[in-house]
$ cat work-v1.pdb   # PDB, C-alpha atoms and all ligand atoms
ATOM      1  CA  MET A   1      -0.397 -38.091 -17.730
ATOM      2  CA  ASN A   2      -2.482 -35.613 -15.715
ATOM      3  CA  ALA A   3      -3.892 -32.608 -17.559
ATOM      4  CA  PRO A   4      -2.038 -29.386 -16.644
ATOM      5  CA  PRO A   5      -3.814 -27.131 -14.149
ATOM      6  CA  TYR A   6      -5.897 -24.312 -15.544
ATOM      7  CA  VAL A   7      -5.073 -20.823 -14.245
ATOM      8  CA  VAL A   8      -6.828 -17.505 -14.839
ATOM      9  CA  VAL A   9      -4.681 -14.353 -14.898
ATOM     10  CA  PRO A  10      -7.242 -11.565 -15.364
ATOM     11  CA  GLN A  11      -4.808  -8.614 -15.525
ATOM     12  CA  TYR A  12      -1.413  -7.728 -16.963
ATOM     13  CA  LEU A  13       1.322  -9.659 -15.172
ATOM     14  CA  HIS A  14       5.053  -8.963 -15.313
ATOM     15  CA  GLU A  15       7.698 -11.529 -16.036
ATOM     16  CA  PRO A  16       9.087 -13.744 -14.717
ATOM     17  CA  GLY A  17       5.801 -14.671 -13.012
ATOM     18  CA  LEU A  18       3.764 -15.072 -16.159
ATOM     19  CA  GLY A  19       6.339 -17.326 -17.838
ATOM     20  CA  MET A  20       6.708 -19.426 -14.684
ATOM     21  CA  VAL A  21       2.982 -20.110 -14.640
ATOM     22  CA  ARG A  22       2.805 -20.712 -18.379
ATOM     23  CA  ASP A  23       5.551 -23.330 -18.080
ATOM     24  CA  VAL A  24       3.319 -25.439 -15.863
ATOM     25  CA  ALA A  25      -0.286 -24.500 -16.481
ATOM     26  CA  ARG A  26      -2.798 -23.743 -19.191
ATOM     27  CA  VAL A  27      -3.370 -20.022 -18.776
ATOM     28  CA  GLU A  28      -6.304 -17.775 -19.612
ATOM     29  CA  TYR A  29      -4.560 -14.395 -19.741
ATOM     30  CA  TRP A  30      -6.024 -10.900 -20.024
ATOM     31  CA  PRO A  31      -2.976  -8.746 -20.855
ATOM     32  CA  GLU A  32      -4.588  -5.379 -20.089
ATOM     33  CA  GLU A  33      -4.139  -2.932 -17.209
ATOM     34  CA  SER A  34      -7.893  -3.143 -16.596
ATOM     35  CA  VAL A  35      -9.354  -6.334 -15.129
ATOM     36  CA  MET A  36     -10.898  -8.915 -17.477
ATOM     37  CA  PRO A  37     -14.597  -7.972 -17.849
ATOM     38  CA  ARG A  38     -16.543  -9.443 -14.930
ATOM     39  CA  GLU A  39     -18.783 -11.760 -16.954
ATOM     40  CA  LYS A  40     -15.781 -13.149 -18.819
ATOM     41  CA  LEU A  41     -13.934 -13.655 -15.533
ATOM     42  CA  LEU A  42     -16.897 -15.432 -13.947
ATOM     43  CA  ALA A  43     -17.097 -17.719 -16.974
ATOM     44  CA  ALA A  44     -13.332 -18.354 -16.968
ATOM     45  CA  VAL A  45     -13.184 -19.391 -13.307
ATOM     46  CA  ALA A  46     -15.818 -22.099 -13.828
ATOM     47  CA  THR A  47     -13.085 -24.677 -14.484
ATOM     48  CA  ALA A  48     -10.098 -22.873 -12.947
ATOM     49  CA  ASP A  49      -7.713 -24.504 -10.486
ATOM     50  CA  GLY A  50      -6.006 -21.221  -9.691
ATOM     51  CA  ILE A  51      -6.329 -17.453 -10.045
ATOM     52  CA  LEU A  52      -3.364 -15.096 -10.107
ATOM     53  CA  CYS A  53      -4.673 -11.561  -9.654
ATOM     54  CA  HIS A  54      -4.472  -8.326  -7.721
ATOM     55  CA  PRO A  55      -6.772  -5.462  -6.735
ATOM     56  CA  PRO A  56      -9.169  -4.341  -8.080
ATOM     57  CA  ALA A  57     -10.016  -7.898  -9.254
ATOM     58  CA  ARG A  58     -12.624  -8.919  -6.689
ATOM     59  CA  CYS A  59     -12.591 -12.499  -5.463
ATOM     60  CA  ASN A  60     -15.825 -12.416  -3.489
ATOM     61  CA  ARG A  61     -18.512 -15.012  -2.773
ATOM     62  CA  GLU A  62     -20.123 -14.390  -6.158
ATOM     63  CA  LEU A  63     -16.898 -15.417  -7.886
ATOM     64  CA  LEU A  64     -16.124 -18.294  -5.505
ATOM     65  CA  ASP A  65     -19.608 -19.741  -6.060
ATOM     66  CA  ARG A  66     -18.794 -19.901  -9.771
ATOM     67  CA  ALA A  67     -15.422 -21.621  -9.220
ATOM     68  CA  PRO A  68     -16.070 -25.118  -7.820
ATOM     69  CA  ARG A  69     -12.578 -26.468  -8.657
ATOM     70  CA  LEU A  70     -10.629 -23.495  -7.355
ATOM     71  CA  ARG A  71      -7.701 -24.431  -5.092
ATOM     72  CA  VAL A  72      -5.688 -21.228  -4.842
ATOM     73  CA  ILE A  73      -5.965 -17.452  -5.232
ATOM     74  CA  SER A  74      -2.517 -15.937  -5.462
ATOM     75  CA  ASN A  75      -2.705 -12.181  -5.019
ATOM     76  CA  VAL A  76       0.072 -10.104  -6.584
ATOM     77  CA  ALA A  77       0.031  -7.660  -3.654
ATOM     78  CA  VAL A  78       0.787  -7.716   0.022
ATOM     79  CA  GLY A  79      -2.728  -6.427   0.795
ATOM     80  CA  TYR A  80      -5.598  -8.807   0.101
ATOM     81  CA  ASP A  81      -8.687  -6.723   0.812
ATOM     82  CA  ASN A  82      -9.919  -7.680  -2.688
ATOM     83  CA  VAL A  83     -10.227 -11.318  -1.579
ATOM     84  CA  ASP A  84     -12.902 -12.651   0.764
ATOM     85  CA  VAL A  85     -10.470 -14.714   2.842
ATOM     86  CA  PRO A  86     -13.034 -16.195   5.283
ATOM     87  CA  ALA A  87     -15.136 -17.383   2.324
ATOM     88  CA  CYS A  88     -12.021 -18.957   0.760
ATOM     89  CA  THR A  89     -11.095 -20.630   4.039
ATOM     90  CA  GLU A  90     -14.601 -22.101   4.356
ATOM     91  CA  ARG A  91     -14.132 -23.641   0.911
ATOM     92  CA  GLY A  92     -10.567 -24.849   1.507
ATOM     93  CA  ILE A  93      -9.123 -22.370  -1.016
ATOM     94  CA  ILE A  94      -5.581 -21.231  -0.279
ATOM     95  CA  VAL A  95      -5.006 -17.453  -0.398
ATOM     96  CA  CYS A  96      -1.493 -16.096  -0.908
ATOM     97  CA  ASN A  97       0.097 -12.637  -1.002
ATOM     98  CA  THR A  98       3.508 -11.063  -1.664
ATOM     99  CA  PRO A  99       4.975  -9.704   1.576
ATOM    100  CA  GLY A 100       8.602  -8.632   1.807
ATOM    101  CA  VAL A 101       9.353  -8.024  -1.864
ATOM    102  CA  LEU A 102       7.670  -4.614  -1.922
ATOM    103  CA  THR A 103       8.957  -3.363   1.416
ATOM    104  CA  ASP A 104      11.846  -1.284   0.042
ATOM    105  CA  ALA A 105       9.922   0.287  -2.827
ATOM    106  CA  THR A 106       7.074   1.223  -0.480
ATOM    107  CA  ALA A 107       9.441   2.661   2.111
ATOM    108  CA  ASP A 108      11.181   4.674  -0.627
ATOM    109  CA  ALA A 109       7.800   6.020  -1.769
ATOM    110  CA  THR A 110       7.014   7.029   1.818
ATOM    111  CA  LEU A 111      10.191   9.102   1.879
ATOM    112  CA  ALA A 112       9.295  10.561  -1.521
ATOM    113  CA  LEU A 113       5.929  11.719  -0.137
ATOM    114  CA  MET A 114       7.463  13.084   3.080
ATOM    115  CA  LEU A 115      10.066  15.141   1.252
ATOM    116  CA  ALA A 116       7.686  16.158  -1.525
ATOM    117  CA  VAL A 117       5.145  17.566   0.895
ATOM    118  CA  CYS A 118       7.526  19.214   3.386
ATOM    119  CA  ARG A 119       9.744  20.717   0.645
ATOM    120  CA  ARG A 120       6.766  21.556  -1.564
ATOM    121  CA  ALA A 121       8.066  19.673  -4.597
ATOM    122  CA  ILE A 122       4.838  20.087  -6.582
ATOM    123  CA  ASP A 123       4.512  23.827  -5.818
ATOM    124  CA  ASN A 124       8.155  24.314  -6.765
ATOM    125  CA  ASP A 125       7.731  22.499 -10.048
ATOM    126  CA  ARG A 126       4.584  24.440 -10.941
ATOM    127  CA  PHE A 127       6.178  27.734 -10.025
ATOM    128  CA  THR A 128       9.322  27.067 -12.069
ATOM    129  CA  ARG A 129       7.214  26.291 -15.126
ATOM    130  CA  SER A 130       4.886  29.266 -14.595
ATOM    131  CA  GLY A 131       7.246  31.948 -15.844
ATOM    132  CA  ASN A 132       6.817  33.910 -12.577
ATOM    133  CA  TRP A 133      10.265  33.177 -11.248
ATOM    134  CA  HIS A 134      12.248  36.424 -11.297
ATOM    135  CA  TYR A 135      14.482  36.394  -8.215
ATOM    136  CA  TRP A 136      15.831  34.192  -5.524
ATOM    137  CA  THR A 137      14.064  35.592  -2.472
ATOM    138  CA  PRO A 138      14.394  34.632   1.182
ATOM    139  CA  ARG A 139      10.770  33.645   1.630
ATOM    140  CA  LEU A 140      10.192  31.967  -1.709
ATOM    141  CA  LEU A 141       8.334  28.659  -1.331
ATOM    142  CA  LEU A 142       9.470  27.953   2.208
ATOM    143  CA  GLY A 143       9.050  24.426   3.456
ATOM    144  CA  GLN A 144       9.924  22.517   6.590
ATOM    145  CA  ASP A 145      12.740  20.153   7.511
ATOM    146  CA  LEU A 146      12.678  16.409   7.681
ATOM    147  CA  THR A 147      16.168  16.606   9.158
ATOM    148  CA  GLU A 148      15.966  16.493  12.970
ATOM    149  CA  ALA A 149      12.169  16.189  12.858
ATOM    150  CA  THR A 150      10.163  13.808  15.047
ATOM    151  CA  VAL A 151       8.744  11.010  12.917
ATOM    152  CA  GLY A 152       5.863   8.942  14.289
ATOM    153  CA  ILE A 153       5.410   5.520  12.750
ATOM    154  CA  VAL A 154       2.042   3.856  13.254
ATOM    155  CA  GLY A 155       2.544   0.159  12.542
ATOM    156  CA  MET A 156       6.108  -1.061  13.015
ATOM    157  CA  GLY A 157       5.950  -4.005  10.625
ATOM    158  CA  ARG A 158       8.291  -4.592   7.695
ATOM    159  CA  ILE A 159       7.505  -1.332   5.903
ATOM    160  CA  GLY A 160       7.376   0.772   9.070
ATOM    161  CA  LEU A 161      10.799  -0.554  10.034
ATOM    162  CA  GLU A 162      12.329   0.294   6.643
ATOM    163  CA  VAL A 163      10.879   3.806   6.850
ATOM    164  CA  ALA A 164      12.372   4.148  10.333
ATOM    165  CA  ARG A 165      15.778   3.009   9.040
ATOM    166  CA  ARG A 166      15.640   5.548   6.228
ATOM    167  CA  VAL A 167      14.561   8.535   8.322
ATOM    168  CA  ARG A 168      17.275   7.747  10.879
ATOM    169  CA  ALA A 169      19.728   9.063   8.279
ATOM    170  CA  PHE A 170      17.976  12.442   8.697
ATOM    171  CA  ARG A 171      18.901  12.472  12.416
ATOM    172  CA  THR A 172      15.237  12.200  13.317
ATOM    173  CA  ARG A 173      13.684  11.266  16.646
ATOM    174  CA  ILE A 174      11.557   8.204  15.971
ATOM    175  CA  LEU A 175       8.358   7.426  17.865
ATOM    176  CA  TYR A 176       6.323   4.355  17.083
ATOM    177  CA  HIS A 177       3.013   2.800  17.959
ATOM    178  CA  ASN A 178       2.357  -0.858  17.293
ATOM    179  CA  ARG A 179       0.275  -3.774  18.575
ATOM    180  CA  HIS A 180       3.320  -4.891  20.536
ATOM    181  CA  ARG A 181       6.670  -3.362  21.444
ATOM    182  CA  ARG A 182       9.682  -4.204  19.311
ATOM    183  CA  PRO A 183      12.733  -4.085  21.593
ATOM    184  CA  GLU A 184      15.075  -4.988  18.726
ATOM    185  CA  VAL A 185      13.881  -1.935  16.760
ATOM    186  CA  GLU A 186      14.279   0.232  19.846
ATOM    187  CA  ALA A 187      17.841  -1.071  20.234
ATOM    188  CA  GLU A 188      18.728  -0.630  16.553
ATOM    189  CA  LEU A 189      17.197   2.784  15.940
ATOM    190  CA  GLY A 190      16.551   4.310  19.317
ATOM    191  CA  ALA A 191      12.846   4.295  18.412
ATOM    192  CA  ILE A 192      10.574   5.126  21.342
ATOM    193  CA  TYR A 193       7.339   3.187  21.892
ATOM    194  CA  VAL A 194       4.410   5.504  22.730
ATOM    195  CA  ASP A 195       0.623   5.390  22.746
ATOM    196  CA  LEU A 196      -1.194   6.838  19.753
ATOM    197  CA  PRO A 197      -2.208  10.163  21.373
ATOM    198  CA  THR A 198       1.427  10.839  22.345
ATOM    199  CA  LEU A 199       2.634   9.960  18.871
ATOM    200  CA  LEU A 200       0.059  12.266  17.292
ATOM    201  CA  ALA A 201       0.814  15.147  19.637
ATOM    202  CA  GLU A 202       4.607  15.000  19.286
ATOM    203  CA  SER A 203       5.284  13.997  15.681
ATOM    204  CA  ASP A 204       6.184  16.325  12.811
ATOM    205  CA  PHE A 205       5.385  13.476  10.412
ATOM    206  CA  VAL A 206       2.802  10.788  11.173
ATOM    207  CA  CYS A 207       3.378   7.809   8.850
ATOM    208  CA  LEU A 208       0.738   5.086   8.587
ATOM    209  CA  HIS A 209       1.863   1.510   7.944
ATOM    210  CA  VAL A 210      -0.965  -0.604   9.335
ATOM    211  CA  PRO A 211      -3.097  -3.136   7.440
ATOM    212  CA  ALA A 212      -6.730  -2.318   6.643
ATOM    213  CA  ASN A 213      -9.131  -4.156   8.927
ATOM    214  CA  ALA A 214     -12.069  -3.437  11.214
ATOM    215  CA  GLU A 215      -9.689  -2.299  13.963
ATOM    216  CA  THR A 216      -7.812   0.202  11.798
ATOM    217  CA  ARG A 217     -10.786   1.631   9.893
ATOM    218  CA  HIS A 218     -10.731   5.424  10.389
ATOM    219  CA  LEU A 219      -7.909   5.059  12.892
ATOM    220  CA  ILE A 220      -7.131   8.651  11.930
ATOM    221  CA  SER A 221     -10.316  10.652  12.109
ATOM    222  CA  ALA A 222     -11.236  14.231  13.097
ATOM    223  CA  ALA A 223     -10.345  13.636  16.765
ATOM    224  CA  GLU A 224      -6.902  12.223  15.929
ATOM    225  CA  LEU A 225      -6.177  14.956  13.378
ATOM    226  CA  ALA A 226      -7.037  17.506  16.065
ATOM    227  CA  GLN A 227      -4.323  16.001  18.264
ATOM    228  CA  MET A 228      -1.626  16.594  15.628
ATOM    229  CA  LYS A 229       0.502  19.726  15.559
ATOM    230  CA  PRO A 230      -0.620  22.404  13.081
ATOM    231  CA  THR A 231       2.860  22.130  11.534
ATOM    232  CA  ALA A 232       2.700  18.344  11.115
ATOM    233  CA  TYR A 233       2.196  16.154   8.042
ATOM    234  CA  LEU A 234       0.191  12.974   7.649
ATOM    235  CA  ILE A 235       1.612  10.334   5.295
ATOM    236  CA  ASN A 236      -0.537   7.365   4.234
ATOM    237  CA  VAL A 237       0.823   4.553   2.068
ATOM    238  CA  ALA A 238      -1.210   1.889   3.903
ATOM    239  CA  ARG A 239      -4.870   1.816   2.875
ATOM    240  CA  GLY A 240      -7.325   4.644   2.307
ATOM    241  CA  ALA A 241      -9.833   3.376   4.853
ATOM    242  CA  VAL A 242      -7.330   3.862   7.680
ATOM    243  CA  VAL A 243      -8.033   7.607   7.390
ATOM    244  CA  ASP A 244     -11.377   9.388   7.456
ATOM    245  CA  GLN A 245     -10.752  11.140   4.157
ATOM    246  CA  LYS A 246     -13.474  13.755   4.612
ATOM    247  CA  ALA A 247     -12.099  14.730   8.017
ATOM    248  CA  LEU A 248      -8.599  14.903   6.532
ATOM    249  CA  ALA A 249      -9.710  17.238   3.742
ATOM    250  CA  GLU A 250     -11.399  19.474   6.321
ATOM    251  CA  ALA A 251      -8.297  19.532   8.517
ATOM    252  CA  LEU A 252      -6.068  20.366   5.544
ATOM    253  CA  LYS A 253      -8.419  23.078   4.323
ATOM    254  CA  ALA A 254      -8.638  24.677   7.752
ATOM    255  CA  GLY A 255      -4.851  24.464   8.220
ATOM    256  CA  ARG A 256      -5.283  22.280  11.291
ATOM    257  CA  ILE A 257      -2.331  20.260   9.990
ATOM    258  CA  ALA A 258       0.345  21.448   7.554
ATOM    259  CA  GLY A 259      -0.105  18.869   4.842
ATOM    260  CA  ALA A 260      -0.493  15.295   3.740
ATOM    261  CA  GLY A 261       1.227  12.866   1.416
ATOM    262  CA  LEU A 262      -1.123  10.153   0.228
ATOM    263  CA  ASP A 263      -0.798   7.089  -1.960
ATOM    264  CA  VAL A 264      -4.078   5.441  -1.031
ATOM    265  CA  TYR A 265      -7.704   6.546  -0.886
ATOM    266  CA  ASP A 266     -11.173   5.403  -0.016
ATOM    267  CA  PRO A 267     -12.583   4.769  -2.561
ATOM    268  CA  GLU A 268     -10.014   4.121  -5.274
ATOM    269  CA  PRO A 269      -9.721   5.738  -7.657
ATOM    270  CA  ILE A 270     -10.390   8.924  -5.726
ATOM    271  CA  ALA A 271     -13.729  10.513  -6.701
ATOM    272  CA  ALA A 272     -13.453  13.323  -9.249
ATOM    273  CA  ASP A 273     -15.153  15.737  -6.812
ATOM    274  CA  ASP A 274     -13.120  14.748  -3.746
ATOM    275  CA  PRO A 275     -12.072  17.965  -1.963
ATOM    276  CA  LEU A 276      -8.502  16.655  -1.597
ATOM    277  CA  LEU A 277      -8.010  17.175  -5.320
ATOM    278  CA  SER A 278      -8.352  20.934  -5.002
ATOM    279  CA  LEU A 279      -6.068  21.347  -1.982
ATOM    280  CA  GLU A 280      -2.488  22.419  -2.525
ATOM    281  CA  ASN A 281      -1.071  21.292   0.803
ATOM    282  CA  CYS A 282      -1.221  17.639  -0.118
ATOM    283  CA  VAL A 283       0.789  15.510  -2.512
ATOM    284  CA  LEU A 284      -1.274  12.762  -4.102
ATOM    285  CA  PHE A 285       0.111   9.582  -5.661
ATOM    286  CA  PRO A 286      -2.230   7.128  -7.465
ATOM    287  CA  HIS A 287      -1.499   4.002  -5.336
ATOM    288  CA  VAL A 288       1.957   3.468  -6.812
ATOM    289  CA  ALA A 289       4.119   2.988  -3.720
ATOM    290  CA  SER A 290       5.386  -0.360  -4.981
ATOM    291  CA  ALA A 291       5.627   0.738  -8.610
ATOM    292  CA  THR A 292       9.219   0.097  -9.578
ATOM    293  CA  LEU A 293       9.984  -2.412 -12.301
ATOM    294  CA  ARG A 294      12.206  -4.506 -10.032
ATOM    295  CA  CYS A 295       9.572  -4.622  -7.335
ATOM    296  CA  ARG A 296       6.803  -5.550  -9.763
ATOM    297  CA  GLN A 297       8.958  -8.332 -11.189
ATOM    298  CA  ARG A 298       9.656  -9.673  -7.714
ATOM    299  CA  MET A 299       5.963  -9.509  -6.850
ATOM    300  CA  SER A 300       5.099 -11.485  -9.993
ATOM    301  CA  GLU A 301       7.745 -14.072  -9.186
ATOM    302  CA  LEU A 302       6.622 -14.581  -5.600
ATOM    303  CA  ALA A 303       2.961 -14.729  -6.642
ATOM    304  CA  ALA A 304       3.826 -17.380  -9.238
ATOM    305  CA  ARG A 305       5.826 -19.390  -6.686
ATOM    306  CA  ASN A 306       2.886 -19.216  -4.285
ATOM    307  CA  LEU A 307       0.449 -20.372  -6.942
ATOM    308  CA  LEU A 308       2.606 -23.194  -8.269
ATOM    309  CA  ALA A 309       3.407 -24.516  -4.788
ATOM    310  CA  ALA A 310      -0.279 -24.572  -3.865
ATOM    311  CA  LEU A 311      -1.204 -26.354  -7.092
ATOM    312  CA  ALA A 312       1.536 -28.925  -6.462
ATOM    313  CA  GLY A 313       0.195 -29.602  -2.964
ATOM    314  CA  GLU A 314       3.200 -27.941  -1.347
ATOM    315  CA  THR A 315       3.318 -25.160   1.247
ATOM    316  CA  PRO A 316       3.379 -21.776  -0.531
ATOM    317  CA  PRO A 317       6.020 -19.283   0.628
ATOM    318  CA  ALA A 318       3.355 -16.732   1.697
ATOM    319  CA  CYS A 319      -0.086 -17.990   2.637
ATOM    320  CA  VAL A 320      -2.586 -15.764   4.482
ATOM    321  CA  ASN A 321      -4.933 -18.572   5.604
ATOM    322  CA  PRO A 322      -2.488 -21.340   6.647
ATOM    323  CA  GLU A 323      -5.273 -23.186   8.486
ATOM    324  CA  VAL A 324      -6.404 -24.397   5.042
ATOM    325  CA  LEU A 325      -3.051 -26.130   4.532
ATOM    326  CA  LYS A 326      -3.660 -28.426   7.496
ATOM    327  CA  ASN A 327      -6.447 -30.175   5.600
TER     328      ASN A 327
HETATM  329  C1  LIG B   1      -0.099  -4.025  -2.017
HETATM  330  O1  LIG B   1       0.733  -4.854  -2.398
HETATM  331  O2  LIG B   1      -0.982  -4.299  -1.219
HETATM  332  C2  LIG B   1       0.026  -2.643  -2.550
HETATM  333  O3  LIG B   1      -0.929  -1.789  -2.060
HETATM  334  C3  LIG B   1       0.036  -2.621  -4.048
HETATM  335  O4  LIG B   1       1.284  -2.972  -4.432
END
$ encode --input "work-v1.pdb" --output "structure tokens" --more "lines below"
Ligand code: DGY
Amino acid sequence: MNAPPYVVVPQYLHEPGLGMVRDVARVEYWPEESVMPREKLLAAVATADGILCHPPARCNRELLDRAPRLRVISNVAVGYDNVDVPACTERGIIVCNTPGVLTDATADATLALMLAVCRRAIDNDRFTRSGNWHYWTPRLLLGQDLTEATVGIVGMGRIGLEVARRVRAFRTRILYHNRHRRPEVEAELGAIYVDLPTLLAESDFVCLHVPANAETRHLISAAELAQMKPTAYLINVARGAVVDQKALAEALKAGRIAGAGLDVYDPEPIAADDPLLSLENCVLFPHVASATLRCRQRMSELAARNLLAALAGETPPACVNPEVLKN
């Protein structure tokens, strides 16, 4: 009988994924929120057939050089900027992610940020607790409407589409910008395809749903922020590097845009002296857009299915470097 594969899980992993892997493999498990200490991880991967991990666990060349038997890295996230995919491909290592299962939770979190920032949820909460609330007054803590607003979606992939479906219920006008037009989305939602400058100039909410790559780095910088309306909000649940964070803080401070709702930063965690932390016209989440128990469980399950399929020599449900499978 063949020895079971050896798998390293260097961070806490929800069920059912952990149990699924344990049923098949010998598992080195680090059950903490923080990643297994680097030296321990580098030692553990020396004989590993698979790694099941997520950011911030870094699977870079240093780690790959220490893992001569490695066949698969299954990331418990849709993003995989913590994995050096080209280096894995060179070595024939399969890289997998978890698309689809976190779409709804992330779209819900986008709506939470939009409503929180335009209806000043944090200010309202603080004020209610402060003891300064004496009257209902006509100008108390005024916000702006999502209802009948123009929402601009940058990146009409799975998550962008689910955000568009949700904001449609608010009778919004939906603009979108994407690598290619999506006629079926236009037909379903009446979404209008526009170039980025038009989207920026006309939207009351600009929602970012693009992956992080060289093309999207600082897609929203000082020049783009200057094209937005002073009453508009920027919402980012994609990746921090898509926005020039310094330029955003300056725009928010100067009132060049009304506010921002952010789940992601560059770097993460956000630096303790980042100017965003002292600004009141932004709502800041700590990269939790997919953080519902059901979503986390589904992510763990899909990541386990990916890993087990790859170890069994089968095609994983979600592989980001399928060219490796051909060999
Ligand atoms: C992802 O999956 O890439 C998210 O950012 C974390 O859930």
$ resolve_selection --input "work-v1.pdb" --expression "the PyMOL selection byres (((chain A and resi 199) around 10) and not hetatm)" --output "NGL selection string"
:A and (150-154 or 174-177 or 192-198 or 200-206 or 227-228)
$ residues_near_ligand --input "work-v1.pdb" --ligand "ligand LIG 1 (chain B)" --cutoff "6 Å" --atoms "all atoms listed in the file" --output "list in words"
Ala77, Val78, Gly79 and Ser290 of chain A
$ closest_residue --input "work-v1.pdb" --among "A:Pro4, A:Pro286, A:Gly240, A:Pro55" --to "Pro267 (chain A)" --atoms "all atoms listed in the file"
A:Gly240
$ closest_residue --input "work-v1.pdb" --among "A:Met36, A:Asn75, A:Ile159, A:Leu64" --to "Ala304 (chain A)" --atoms "all atoms listed in the file"
A:Asn75
$ residues_near_point --input "work-v1.pdb" --point "(4.7, -14.8, -10.6)" --cutoff "8 Å" --atoms "only C-alpha atoms" --output "list in words"
Leu13, His14, Glu15, Pro16, Gly17, Leu18, Gly19, Met20, Val21, Val76, Gln297, Arg298, Met299, Ser300, Glu301, Leu302, Ala303, Ala304, Arg305, Asn306 and Leu307 of chain A
$ closest_residue --input "work-v1.pdb" --among "A:Val242, A:Ala251, A:Val210, A:Leu146" --to "Gly160 (chain A)" --atoms "all atoms listed in the file"
A:Val210
$ atom_distance --input "work-v1.pdb" --atom1 "CA of Thr216 (chain A)" --atom2 "CA of Leu63 (chain A)"
26.7 Å
$ closest_residue --input "work-v1.pdb" --among "A:Asp84, A:Gly92, A:Val237, A:Gly131" --to "Gly155 (chain A)" --atoms "only C-alpha atoms"
A:Val237
$ closest_residue --input "work-v1.pdb" --among "A:Thr231, A:Ser130, A:Gln245, A:Thr292" --to "Pro275 (chain A)" --atoms "only C-alpha atoms"
A:Gln245
$ resolve_selection --input "work-v1.pdb" --expression "the PyMOL selection byres (((chain A and resi 253) around 10) and not hetatm)" --output "short mmCIF file (atom, residue, chain, number, x, y, z; two decimals) with C-alpha atoms, keeping the file's coordinate frame"
data_model
loop_
_atom_site.label_atom_id
_atom_site.label_comp_id
_atom_site.auth_asym_id
_atom_site.auth_seq_id
_atom_site.Cartn_x
_atom_site.Cartn_y
_atom_site.Cartn_z
CA ALA A 247 -12.10 14.73 8.02
CA LEU A 248 -8.60 14.90 6.53
CA ALA A 249 -9.71 17.24 3.74
CA GLU A 250 -11.40 19.47 6.32
CA ALA A 251 -8.30 19.53 8.52
CA LEU A 252 -6.07 20.37 5.54
CA ALA A 254 -8.64 24.68 7.75
CA GLY A 255 -4.85 24.46 8.22
CA ARG A 256 -5.28 22.28 11.29
CA ILE A 257 -2.33 20.26 9.99
CA ALA A 258 0.34 21.45 7.55
CA GLY A 259 -0.10 18.87 4.84
CA PRO A 275 -12.07 17.96 -1.96
CA LEU A 276 -8.50 16.66 -1.60
CA SER A 278 -8.35 20.93 -5.00
CA LEU A 279 -6.07 21.35 -1.98
CA GLU A 280 -2.49 22.42 -2.52
CA ASN A 281 -1.07 21.29 0.80
#
